[in-house]
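Participant: For reference, the file run28.cif (mmCIF, C-alpha atoms) is included below:
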data_start
#
loop_
_atom_site.label_atom_id
_atom_site.label_comp_id
_atom_site.auth_asym_id
_atom_site.auth_seq_id
_atom_site.Cartn_x
_atom_site.Cartn_y
_atom_site.Cartn_z
CA MET A 285 0.00 0.00 0.00
CA THR A 286 1.23 3.52 -0.80
CA ARG A 287 2.70 5.20 2.23
CA PRO A 288 1.82 8.82 3.05
CA PRO A 289 4.60 11.41 2.83
CA SER A 290 6.34 12.58 5.96
CA VAL A 291 4.82 15.50 7.83
CA ASP A 292 7.90 17.64 7.22
CA ALA A 293 8.04 16.88 3.49
CA LEU A 294 4.36 17.65 3.06
CA ALA A 295 4.63 20.89 5.04
CA ARG A 296 7.58 22.01 2.93
CA ALA A 297 5.62 21.27 -0.25
CA LEU A 298 3.01 23.77 0.95
CA ALA A 299 5.52 26.59 1.46
CA THR A 300 4.21 28.56 -1.54
CA SER A 301 0.99 29.21 0.43
CA GLY A 302 2.83 31.91 2.37
CA LEU A 303 1.72 30.52 5.73
CA PRO A 304 4.31 30.05 8.49
CA HIS A 305 5.86 26.59 8.80
CA PRO A 306 4.21 25.67 12.15
CA VAL A 307 0.76 26.26 10.62
CA LEU A 308 1.68 24.12 7.61
CA VAL A 309 2.96 21.34 9.86
CA GLU A 310 -0.40 21.28 11.62
CA ALA A 311 -2.22 21.14 8.26
CA ALA A 312 0.05 18.37 7.00
CA ARG A 313 -0.36 16.30 10.16
CA ALA A 314 -4.15 16.58 10.03
CA ALA A 315 -4.23 15.73 6.31
CA ILE A 316 -2.08 12.60 6.77
CA ALA A 317 -4.28 11.42 9.62
CA GLU A 318 -7.43 11.93 7.53
CA ALA A 319 -5.95 10.21 4.49
CA THR A 320 -4.77 7.25 6.54
CA ALA A 321 -8.13 6.88 8.26
CA ALA A 322 -9.83 6.95 4.84
CA GLY A 323 -7.52 4.20 3.58
CA ASP A 324 -6.20 6.52 0.87
CA PRO A 325 -2.69 7.67 1.87
CA ALA A 326 -2.07 9.03 -1.63
CA SER A 327 -4.68 11.73 -1.04
CA ALA A 328 -2.63 13.29 1.77
CA GLY A 329 -1.14 15.91 -0.56
CA ALA A 330 -4.48 17.12 -1.87
CA ARG A 331 -5.96 17.10 1.61
CA ALA A 332 -3.02 19.11 2.97
CA ASP A 333 -3.36 21.66 0.17
CA GLU A 334 -7.05 22.11 1.04
CA ALA A 335 -6.24 22.35 4.75
CA ALA A 336 -3.70 25.09 4.02
CA ARG A 337 -6.28 27.01 1.96
CA ARG A 338 -8.78 26.76 4.83
CA ALA A 339 -6.16 27.99 7.29
CA ALA A 340 -5.45 31.01 5.08
CA ARG A 341 -9.17 31.77 4.82
CA ARG A 342 -9.42 31.87 8.60
CA MET A 343 -6.84 34.64 8.82
CA LEU A 344 -8.04 38.21 9.35
CA GLN A 345 -8.09 39.77 5.87
CA PRO A 346 -9.78 42.49 3.80
CA VAL A 347 -13.14 41.73 2.18
CA VAL A 348 -15.41 43.55 -0.23
CA ASN A 349 -18.68 44.34 1.57
CA ALA A 350 -21.41 44.13 -1.07
CA THR A 351 -24.17 43.33 1.42
CA GLY A 352 -25.58 46.83 1.70
CA VAL A 353 -25.13 46.77 5.48
CA LEU A 354 -23.03 49.85 6.25
CA LEU A 355 -22.08 48.89 9.82
CA HIS A 356 -21.85 45.12 9.36
CA THR A 357 -20.83 43.74 12.76
CA ASN A 358 -19.38 40.56 11.24
CA LEU A 359 -17.28 42.62 8.83
CA GLY A 360 -15.86 45.03 11.41
CA ARG A 361 -18.63 47.69 11.45
CA ALA A 362 -17.46 51.14 10.32
CA PRO A 363 -14.79 51.00 7.59
CA LEU A 364 -11.72 52.96 8.57
CA ALA A 365 -8.27 53.39 7.04
CA VAL A 366 -5.46 53.24 9.61
CA SER A 367 -1.81 53.69 8.65
CA GLN A 368 1.01 54.44 11.05
CA PRO A 369 4.75 53.95 10.59
CA ALA A 370 6.76 52.18 13.26
CA GLY A 371 7.76 54.52 16.05
CA TYR A 372 6.79 55.98 19.41
CA THR A 373 4.03 58.42 20.31
CA ASN A 374 3.32 60.70 23.25
CA LEU A 375 0.57 58.33 24.39
CA GLU A 376 1.11 59.06 28.09
CA PHE A 377 3.80 61.72 27.97
CA ASP A 378 3.31 65.43 28.54
CA LEU A 379 5.51 67.16 25.97
CA GLU A 380 5.32 70.52 27.75
CA ARG A 381 6.26 69.34 31.23
CA GLY A 382 8.48 66.47 30.15
CA GLU A 383 6.81 63.97 32.47
CA ARG A 384 4.13 61.31 32.51
CA GLY A 385 0.81 62.47 31.09
CA SER A 386 -2.67 61.09 30.48
CA ARG A 387 -3.96 59.15 27.49
CA SER A 388 -7.26 61.02 27.85
CA VAL A 389 -5.94 64.41 26.72
CA HIS A 390 -5.83 63.45 23.04
CA ALA A 391 -8.84 61.78 21.38
CA ALA A 392 -11.04 61.95 24.49
CA ALA A 393 -10.55 65.70 24.93
CA LEU A 394 -11.33 66.33 21.25
CA LEU A 395 -14.48 64.21 21.40
CA ALA A 396 -15.62 66.06 24.52
CA ARG A 397 -15.26 69.33 22.66
CA ALA A 398 -17.06 67.96 19.59
CA CYS A 399 -20.16 66.95 21.57
CA GLY A 400 -20.17 69.78 24.13
CA ALA A 401 -19.19 67.67 27.15
CA GLU A 402 -17.04 68.83 30.05
CA ALA A 403 -14.87 65.71 29.73
CA ALA A 404 -14.73 62.30 28.07
CA LEU A 405 -13.03 58.95 28.52
CA VAL A 406 -12.31 56.26 25.91
CA VAL A 407 -12.49 52.53 26.68
CA ASN A 408 -12.35 49.48 24.43
CA ASN A 409 -16.03 49.20 23.40
CA GLY A 410 -19.51 50.52 24.09
CA ALA A 411 -20.46 47.76 26.53
CA ALA A 412 -17.31 48.48 28.51
CA ALA A 413 -18.23 52.16 28.77
CA LEU A 414 -21.56 51.35 30.39
CA LEU A 415 -20.03 48.68 32.63
CA LEU A 416 -17.40 51.13 33.88
CA VAL A 417 -19.98 53.84 34.62
CA LEU A 418 -22.20 51.47 36.58
CA THR A 419 -19.28 49.95 38.50
CA ALA A 420 -17.62 53.25 39.35
CA LEU A 421 -20.75 55.22 40.21
CA ALA A 422 -23.37 52.71 41.36
CA ALA A 423 -21.76 49.57 42.83
CA GLY A 424 -23.74 48.59 45.92
CA SER A 425 -26.50 51.08 45.08
CA GLU A 426 -29.68 51.13 43.03
CA VAL A 427 -30.03 52.02 39.36
CA VAL A 428 -33.54 52.74 38.07
CA VAL A 429 -34.35 51.54 34.53
CA SER A 430 -37.59 51.36 32.56
CA ARG A 431 -38.75 47.82 31.76
CA GLY A 432 -39.08 48.90 28.15
CA GLU A 433 -35.34 49.60 28.01
CA LEU A 434 -33.92 46.35 29.42
CA VAL A 435 -32.38 45.55 26.06
CA GLU A 436 -30.21 42.77 24.73
CA ILE A 437 -27.80 43.45 21.90
CA GLY A 438 -25.71 41.06 19.80
CA GLY A 439 -23.57 38.53 21.61
CA GLY A 440 -25.95 38.23 24.56
CA PHE A 441 -25.14 41.63 26.10
CA ARG A 442 -28.09 42.28 28.42
CA ILE A 443 -28.65 45.36 30.56
CA PRO A 444 -29.76 43.38 33.66
CA GLU A 445 -26.67 41.18 33.50
CA VAL A 446 -24.33 44.16 33.08
CA LEU A 447 -25.93 45.78 36.12
CA GLU A 448 -25.43 42.59 38.11
CA ALA A 449 -21.79 42.33 37.02
CA SER A 450 -21.18 45.94 38.06
CA GLY A 451 -22.44 45.33 41.59
CA ALA A 452 -25.36 47.72 41.15
CA ARG A 453 -28.91 46.73 42.02
CA LEU A 454 -31.49 46.95 39.24
CA VAL A 455 -34.80 48.65 40.01
CA GLU A 456 -37.32 48.12 37.21
CA VAL A 457 -40.08 50.67 36.67
CA GLY A 458 -43.06 50.98 34.36
CA THR A 459 -44.09 48.33 31.85
CA THR A 460 -42.70 47.06 28.57
CA ASN A 461 -44.59 49.63 26.53
CA ARG A 462 -45.38 52.48 28.95
CA THR A 463 -43.25 54.22 31.58
CA ARG A 464 -44.04 57.61 33.10
CA ARG A 465 -42.09 60.12 35.15
CA HIS A 466 -43.93 59.25 38.37
CA ASP A 467 -42.68 55.65 37.98
CA TYR A 468 -39.12 56.92 38.32
CA VAL A 469 -40.03 59.29 41.16
CA ALA A 470 -41.75 56.52 43.13
CA ALA A 471 -38.76 54.20 42.72
CA THR A 472 -36.12 56.80 43.66
CA GLY A 473 -34.89 56.66 47.24
CA PRO A 474 -31.79 57.22 49.40
CA ASP A 475 -30.05 54.20 47.82
CA THR A 476 -30.61 55.35 44.24
CA ALA A 477 -27.32 56.23 42.57
CA LEU A 478 -28.38 56.70 38.95
CA LEU A 479 -31.33 56.88 36.58
CA LEU A 480 -30.40 54.95 33.44
CA LYS A 481 -31.92 55.70 30.03
CA VAL A 482 -31.13 53.11 27.34
CA HIS A 483 -31.67 54.00 23.70
CA THR A 484 -33.46 51.09 22.03
CA SER A 485 -31.25 51.39 18.98
CA ASN A 486 -31.68 47.82 17.70
CA TYR A 487 -35.48 47.48 17.89
CA ARG A 488 -38.67 49.54 17.98
CA ILE A 489 -41.76 49.39 20.18
CA THR A 490 -44.74 50.99 18.43
CA GLY A 491 -48.41 51.46 19.16
CA PHE A 492 -49.68 52.14 22.69
CA THR A 493 -46.38 53.44 24.11
CA GLU A 494 -45.05 56.12 26.42
CA SER A 495 -41.58 56.91 27.69
CA VAL A 496 -39.80 59.66 29.61
CA ASP A 497 -37.21 61.83 27.89
CA VAL A 498 -33.88 62.86 29.39
CA ALA A 499 -34.93 66.48 29.92
CA THR A 500 -37.85 65.41 32.10
CA LEU A 501 -35.77 62.93 34.12
CA ALA A 502 -32.96 65.41 34.68
CA VAL A 503 -35.09 67.83 36.72
CA GLY A 504 -33.83 67.13 40.24
CA GLY A 505 -32.99 63.71 41.58
CA PRO A 506 -30.02 61.43 40.87
CA PRO A 507 -27.74 61.84 37.84
CA VAL A 508 -29.14 60.62 34.53
CA VAL A 509 -26.92 58.32 32.47
CA ALA A 510 -27.99 57.86 28.84
CA ASP A 511 -26.66 54.86 26.94
CA LEU A 512 -27.10 55.91 23.31
CA GLY A 513 -25.19 52.97 21.83
CA SER A 514 -25.23 54.02 18.18
CA GLY A 515 -23.25 57.19 18.82
CA LEU A 516 -24.61 59.93 16.58
CA LEU A 517 -22.41 62.80 17.76
CA ASP A 518 -24.77 65.64 16.85
CA ALA A 519 -28.32 65.24 15.53
CA ALA A 520 -27.86 68.43 13.45
CA CYS A 521 -25.03 66.77 11.46
CA PRO A 522 -23.06 70.01 10.94
CA TRP A 523 -20.42 68.01 9.03
CA LEU A 524 -22.94 67.39 6.21
CA GLY A 525 -23.60 70.29 3.88
CA GLY A 526 -27.28 69.49 3.53
CA GLY A 527 -27.91 68.73 7.19
CA PRO A 528 -29.13 65.39 8.53
CA PRO A 529 -30.45 62.93 5.93
CA ALA A 530 -34.07 61.79 6.22
CA TRP A 531 -33.11 58.29 7.37
CA LEU A 532 -31.61 59.77 10.58
CA ALA A 533 -34.92 61.28 11.70
CA GLY A 534 -35.55 60.67 15.39
CA GLU A 535 -32.07 59.35 16.17
CA PRO A 536 -30.84 61.02 19.39
CA GLY A 537 -27.55 62.91 19.26
CA VAL A 538 -24.92 62.91 21.98
CA ALA A 539 -24.71 66.72 21.99
CA GLN A 540 -28.48 67.13 22.30
CA THR A 541 -28.74 64.49 25.05
CA LEU A 542 -26.10 66.24 27.13
CA ALA A 543 -27.74 69.62 26.52
CA ALA A 544 -31.04 68.13 27.71
CA GLY A 545 -29.49 67.40 31.09
CA ALA A 546 -27.87 63.97 30.98
CA SER A 547 -24.95 63.81 33.39
CA LEU A 548 -23.19 61.16 31.31
CA VAL A 549 -23.68 59.65 27.87
CA THR A 550 -22.13 56.38 26.74
CA PHE A 551 -21.85 55.28 23.10
CA SER A 552 -19.85 53.20 20.62
CA ALA A 553 -17.19 54.71 18.36
CA ASP A 554 -17.52 52.19 15.51
CA LYS A 555 -21.16 52.86 14.63
CA LEU A 556 -22.57 56.21 13.48
CA LEU A 557 -19.40 57.97 14.64
CA GLY A 558 -17.56 56.01 11.95
CA GLY A 559 -14.44 55.32 14.03
CA PRO A 560 -12.52 52.28 15.32
CA GLN A 561 -13.96 49.87 17.87
CA ALA A 562 -14.05 51.80 21.15
CA GLY A 563 -16.49 52.98 23.78
CA ILE A 564 -16.86 56.58 24.89
CA LEU A 565 -18.34 58.09 28.02
CA ALA A 566 -18.80 61.84 28.03
CA GLY A 567 -20.39 64.40 30.31
CA ARG A 568 -19.86 65.94 33.71
CA ALA A 569 -16.13 66.19 34.53
CA THR A 570 -16.44 64.97 38.13
CA LEU A 571 -18.25 61.82 37.04
CA VAL A 572 -15.85 61.13 34.16
CA GLU A 573 -12.93 61.55 36.56
CA ALA A 574 -14.52 59.14 39.05
CA CYS A 575 -14.77 56.56 36.26
CA ALA A 576 -11.18 57.21 35.14
CA ARG A 577 -9.88 56.65 38.69
CA HIS A 578 -11.63 53.31 39.08
CA PRO A 579 -9.29 50.26 38.78
CA LEU A 580 -11.52 48.79 36.06
CA ALA A 581 -10.69 51.72 33.79
CA ARG A 582 -7.14 50.45 33.32
CA ALA A 583 -8.37 47.02 32.30
CA LEU A 584 -10.74 48.53 29.74
CA ARG A 585 -8.49 51.17 28.20
CA PRO A 586 -7.66 50.98 24.46
CA GLY A 587 -4.19 51.07 22.94
CA GLY A 588 -2.37 53.76 21.04
CA LEU A 589 -3.46 52.60 17.58
CA VAL A 590 -7.14 52.90 18.48
CA LEU A 591 -6.63 56.30 20.11
CA THR A 592 -4.69 57.59 17.11
CA ALA A 593 -7.44 56.50 14.72
CA LEU A 594 -10.10 57.96 17.01
CA GLN A 595 -8.20 61.25 17.22
CA ASP A 596 -8.26 61.52 13.42
CA VAL A 597 -12.02 60.93 13.42
CA ALA A 598 -12.59 63.51 16.18
CA LEU A 599 -10.56 66.09 14.25
CA ALA A 600 -12.71 65.47 11.19
CA TYR A 601 -15.83 66.30 13.20
CA LEU A 602 -14.27 69.42 14.65
CA ARG A 603 -13.23 70.55 11.15
CA ARG A 604 -16.77 69.69 10.03
CA ASP A 605 -15.49 67.71 7.05
CA ALA A 606 -16.42 64.26 8.37
CA GLY A 607 -18.93 63.94 5.54
CA ASP A 608 -16.01 63.82 3.09
CA THR A 609 -13.24 62.24 5.20
CA VAL A 610 -15.00 59.60 7.34
CA PRO A 611 -15.70 56.59 5.06
CA PHE A 612 -19.02 55.72 6.74
CA TRP A 613 -20.52 59.13 5.97
CA ARG A 614 -19.15 59.15 2.40
CA MET A 615 -20.80 55.81 1.73
CA ALA A 616 -24.04 56.53 3.60
CA THR A 617 -24.68 59.81 1.77
CA MET A 618 -23.54 58.82 -1.73
CA GLY A 619 -26.10 59.89 -4.34
CA LEU A 620 -28.13 57.41 -6.36
CA ASP A 621 -26.91 58.81 -9.70
CA GLY A 622 -23.29 58.11 -8.77
CA LEU A 623 -24.14 54.61 -7.57
CA ARG A 624 -26.03 53.90 -10.80
CA ARG A 625 -23.09 55.05 -12.94
CA ARG A 626 -20.76 52.74 -11.03
CA ALA A 627 -23.17 49.80 -11.32
CA THR A 628 -23.57 50.34 -15.06
CA ALA A 629 -19.80 50.62 -15.56
CA LEU A 630 -19.27 47.18 -14.04
CA GLY A 631 -20.75 45.61 -17.16
CA VAL A 632 -21.75 42.45 -15.31
CA GLY A 633 -25.25 41.54 -14.17
CA ALA A 634 -28.41 43.63 -14.17
CA VAL A 635 -28.46 47.09 -12.62
CA VAL A 636 -31.17 47.09 -9.94
CA ASP A 637 -32.63 49.43 -7.35
CA CYS A 638 -32.23 48.11 -3.82
CA ALA A 639 -32.06 49.29 -0.22
CA SER A 640 -29.15 49.55 2.20
CA VAL A 641 -29.38 49.55 6.00
CA THR A 642 -27.06 50.99 8.62
CA GLY A 643 -26.85 47.75 10.64
CA GLY A 644 -24.65 47.37 13.71
CA GLY A 645 -27.64 47.68 16.04
CA THR A 646 -28.63 51.12 14.75
CA LEU A 647 -31.78 52.53 13.13
CA PRO A 648 -33.86 49.32 12.99
CA GLY A 649 -36.33 49.18 10.14
CA VAL A 650 -34.78 52.19 8.38
CA GLU A 651 -33.72 51.71 4.77
CA ILE A 652 -31.53 53.90 2.56
CA PRO A 653 -32.32 53.78 -1.19
CA SER A 654 -29.41 52.32 -3.13
CA VAL A 655 -28.34 50.74 -6.44
CA GLY A 656 -26.64 47.43 -7.07
CA VAL A 657 -26.09 44.68 -9.61
CA ALA A 658 -27.76 41.27 -9.58
CA VAL A 659 -26.80 37.98 -11.22
CA GLU A 660 -28.95 34.89 -11.45
CA ALA A 661 -28.70 32.06 -8.90
CA ASP A 662 -26.84 31.89 -5.61
CA ARG A 663 -23.23 32.81 -6.41
CA SER A 664 -22.36 33.84 -2.84
CA ALA A 665 -20.04 30.89 -2.13
CA VAL A 666 -18.07 31.51 -5.33
CA LEU A 667 -17.75 35.20 -4.51
CA ARG A 668 -16.52 34.38 -1.00
CA SER A 669 -13.78 32.20 -2.49
CA TRP A 670 -12.43 35.14 -4.51
CA SER A 671 -9.35 37.04 -3.36
CA PRO A 672 -10.22 39.31 -1.70
CA PRO A 673 -13.51 37.65 -0.73
CA VAL A 674 -16.70 39.39 -1.87
CA ILE A 675 -19.58 39.18 0.60
CA ALA A 676 -22.96 39.59 -1.12
CA ARG A 677 -26.58 38.84 -0.29
CA VAL A 678 -29.07 36.50 -1.98
CA GLU A 679 -32.62 37.69 -2.68
CA ASP A 680 -35.36 36.01 -4.71
CA GLY A 681 -32.96 33.49 -6.22
CA ARG A 682 -30.45 36.12 -7.33
CA THR A 683 -27.13 37.27 -5.93
CA LEU A 684 -27.24 41.00 -5.22
CA CYS A 685 -24.22 43.27 -4.74
CA ASP A 686 -25.17 46.65 -3.24
CA LEU A 687 -22.76 49.34 -4.47
CA ARG A 688 -23.36 51.64 -1.48
CA THR A 689 -21.13 49.52 0.75
CA VAL A 690 -18.50 48.83 -1.90
CA LEU A 691 -15.65 51.32 -1.88
CA PRO A 692 -15.27 52.93 -5.36
CA GLU A 693 -11.69 51.71 -5.56
CA GLN A 694 -13.01 48.14 -5.16
CA ASP A 695 -15.27 48.30 -8.23
CA ASP A 696 -12.76 46.53 -10.49
CA LEU A 697 -12.28 43.77 -7.91
CA LEU A 698 -16.05 43.32 -7.76
CA ARG A 699 -16.33 43.28 -11.57
CA ARG A 700 -13.72 40.54 -11.91
CA ALA A 701 -15.22 38.47 -9.10
CA LEU A 702 -18.72 38.69 -10.60
CA ALA A 703 -17.44 37.85 -14.07
CA ALA A 704 -15.69 34.78 -12.68
CA ALA A 705 -18.78 33.77 -10.71
CA VAL A 706 -21.01 33.77 -13.80
CA GLY A 707 -18.36 32.14 -15.96
CA ARG A 708 -17.47 35.11 -18.14
#
Give the structure from the file, written as structure tokens.
Facilitator:
Amino acid sequence: MTRPPSVDALARALATSGLPHPVLVEAARAAIAEATAAGDPASAGARADEAARRAARRMLQPVVNATGVLLHTNLGRAPLAVSQPAGYTNLEFDLERGERGSRSVHAAALLARACGAEAALVVNNGAAALLLVLTALAAGSEVVVSRGELVEIGGGFRIPEVLEASGARLVEVGTTNRTRRHDYVAATGPDTALLLKVHTSNYRITGFTESVDVATLAVGGPPVVADLGSGLLDAACPWLGGGPPAWLAGEPGVAQTLAAGASLVTFSADKLLGGPQAGILAGRATLVEACARHPLARALRPGGLVLTALQDVALAYLRRDAGDTVPFWRMATMGLDGLRRRATALGVGAVVDCASVTGGGTLPGVEIPSVGVAVEADRSAVLRSWSPPVIARVEDGRTLCDLRTVLPEQDDLLRRALAAAVGR
């Protein structure tokens, strides 16, 4: 019977894959074991080659997002270009005094200015921002929340469980669909540390409903913390020449929520802000400082690369050119005529009208008119096997590529992938 090759020989034969030798050794070993178990040792080479291809596909790599979901959580949410040469930065060094400084005086200070807050703090994601606020300001005390705002977001993140983890005690008020101001007043006592308002950014309750806004809650009583999640910095969108687009109607802004009386606002940086994955808490300086001093803050802080990218985004908002320089806003506000020209220029498939969504747990049920190309049958697996992979969606038996979420410089990649998928 044919004997399988040695692990080392097979791994060396896969060297052209570009993967490091230890990864290839693992692929070769697994392939030989499978081939031997199948009674076909001669197939070890082909099996190893396939194992190496699968290993390469599992690596973090660029993809073409043709799904029409602007903030696709599985594809990294907001697209952002980050480039930094090797070297040091003044991450925690005060250049004026020549001594240790704070990592909150860069991006965080700029974001505070952009949304009208006294101070801000950056942590590694939106959930961490809320967890830090609750732990630092309400551990051992009560936090009052409407039953209609006890949300769960992707990955099983639930408000009641975060409260429990922080050491705070949850006090539920109102009902699923209706909560009034007197519900909060009746539940507030000497042990109440915070009133928590949670923006239901990933679902909608309609019909016989009632809720209490921040301005009403902020009149006397404990501090109001508003978890906005989706992170629209300013509902007026001063960085867009034509003001806020229609699909943003009703979305609360950080600046407006703080102006209404919220003591703190927490939100994600990689959603409507269009930045890297990070969480931001902004508001009253004394409360931000209390959060920054808590030991948990060190465990949740982001690194220099994230802060550098976030600083660039904050500067764009302060310059009011984020509509042109932040990729999310460029894509979200691209005109239909331009999208149609790009779709037609591809020369593959049928040009179709379609609808994009923001995704990422923001603006549920809201669609943005868009244009794409469609080819017959489900070609999604073939497109995913392209390099770089193209991620599309399948509707009514056709594969649809929405041009709104495809960067213009990726159009030629998309054209070649589609042509290959339909055999042209």
Participant: Report as a PDB file with C-alpha atoms, in the coordinates of the input all protein, DNA and RNA residues lying within 9 Å of Asp695 (chain A), evaluated on all atoms listed in the file, omitting residues in the same chain fewer than 3 positions from it.
Facilitator:
ATOM      1  CA  ARG A 626     -20.760  52.740 -11.030  1.00  0.00           C
ATOM      2  CA  ALA A 627     -23.170  49.800 -11.320  1.00  0.00           C
ATOM      3  CA  ALA A 629     -19.800  50.620 -15.560  1.00  0.00           C
ATOM      4  CA  LEU A 630     -19.270  47.180 -14.040  1.00  0.00           C
ATOM      5  CA  LEU A 687     -22.760  49.340  -4.470  1.00  0.00           C
ATOM      6  CA  VAL A 690     -18.500  48.830  -1.900  1.00  0.00           C
ATOM      7  CA  LEU A 691     -15.650  51.320  -1.880  1.00  0.00           C
ATOM      8  CA  PRO A 692     -15.270  52.930  -5.360  1.00  0.00           C
ATOM      9  CA  LEU A 698     -16.050  43.320  -7.760  1.00  0.00           C
ATOM     10  CA  ARG A 699     -16.330  43.280 -11.570  1.00  0.00           C
ATOM     11  CA  ARG A 700     -13.720  40.540 -11.910  1.00  0.00           C
TER      12      ARG A 700
END
Participant: Can you work out which one of A:Phe492, A:Phe551, A:Phe377, A:Tyr468 has the shortest atom-to-atom distance to Val417 (chain A), counting all atoms listed in the file?
Facilitator: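 Of all the options, A:Phe551 lies closest to Val417 (chain A).
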Participant: Would you pick out the contacts of Leu667 (chain A) at 12 Å or less, using all atoms listed in the file, so that residues sharing its chain but fewer than 5 positions from it are not included, and give the list as a list in words?
Facilitator: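 Close residues of Leu667 (chain A): Val347, Val348, Asn349, Ala350, Thr351, Val659, Asp662, Pro672, Pro673, Val674, Ile675, Ala676, Arg677, Val678, Thr683, Leu684, Cys685, Leu697, Leu698, Arg699, Arg700, Ala701, Leu702, Ala703, Ala704, Ala705, Val706 and Gly707 of chain A.
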Participant: Any chance you could work out the residue set of the PyMOL selection byres ((chain A and resi 558) around 7) here, as a ChimeraX atom specification?
Facilitator: /A:362,553-557,559,610,612
Participant: Write out as a ChimeraX atom specification the residues lying within 12 Å of Gly491 (chain A), counting all atoms listed in the file and excluding same-chain residues fewer than 4 positions away.
Facilitator: /A:460-462
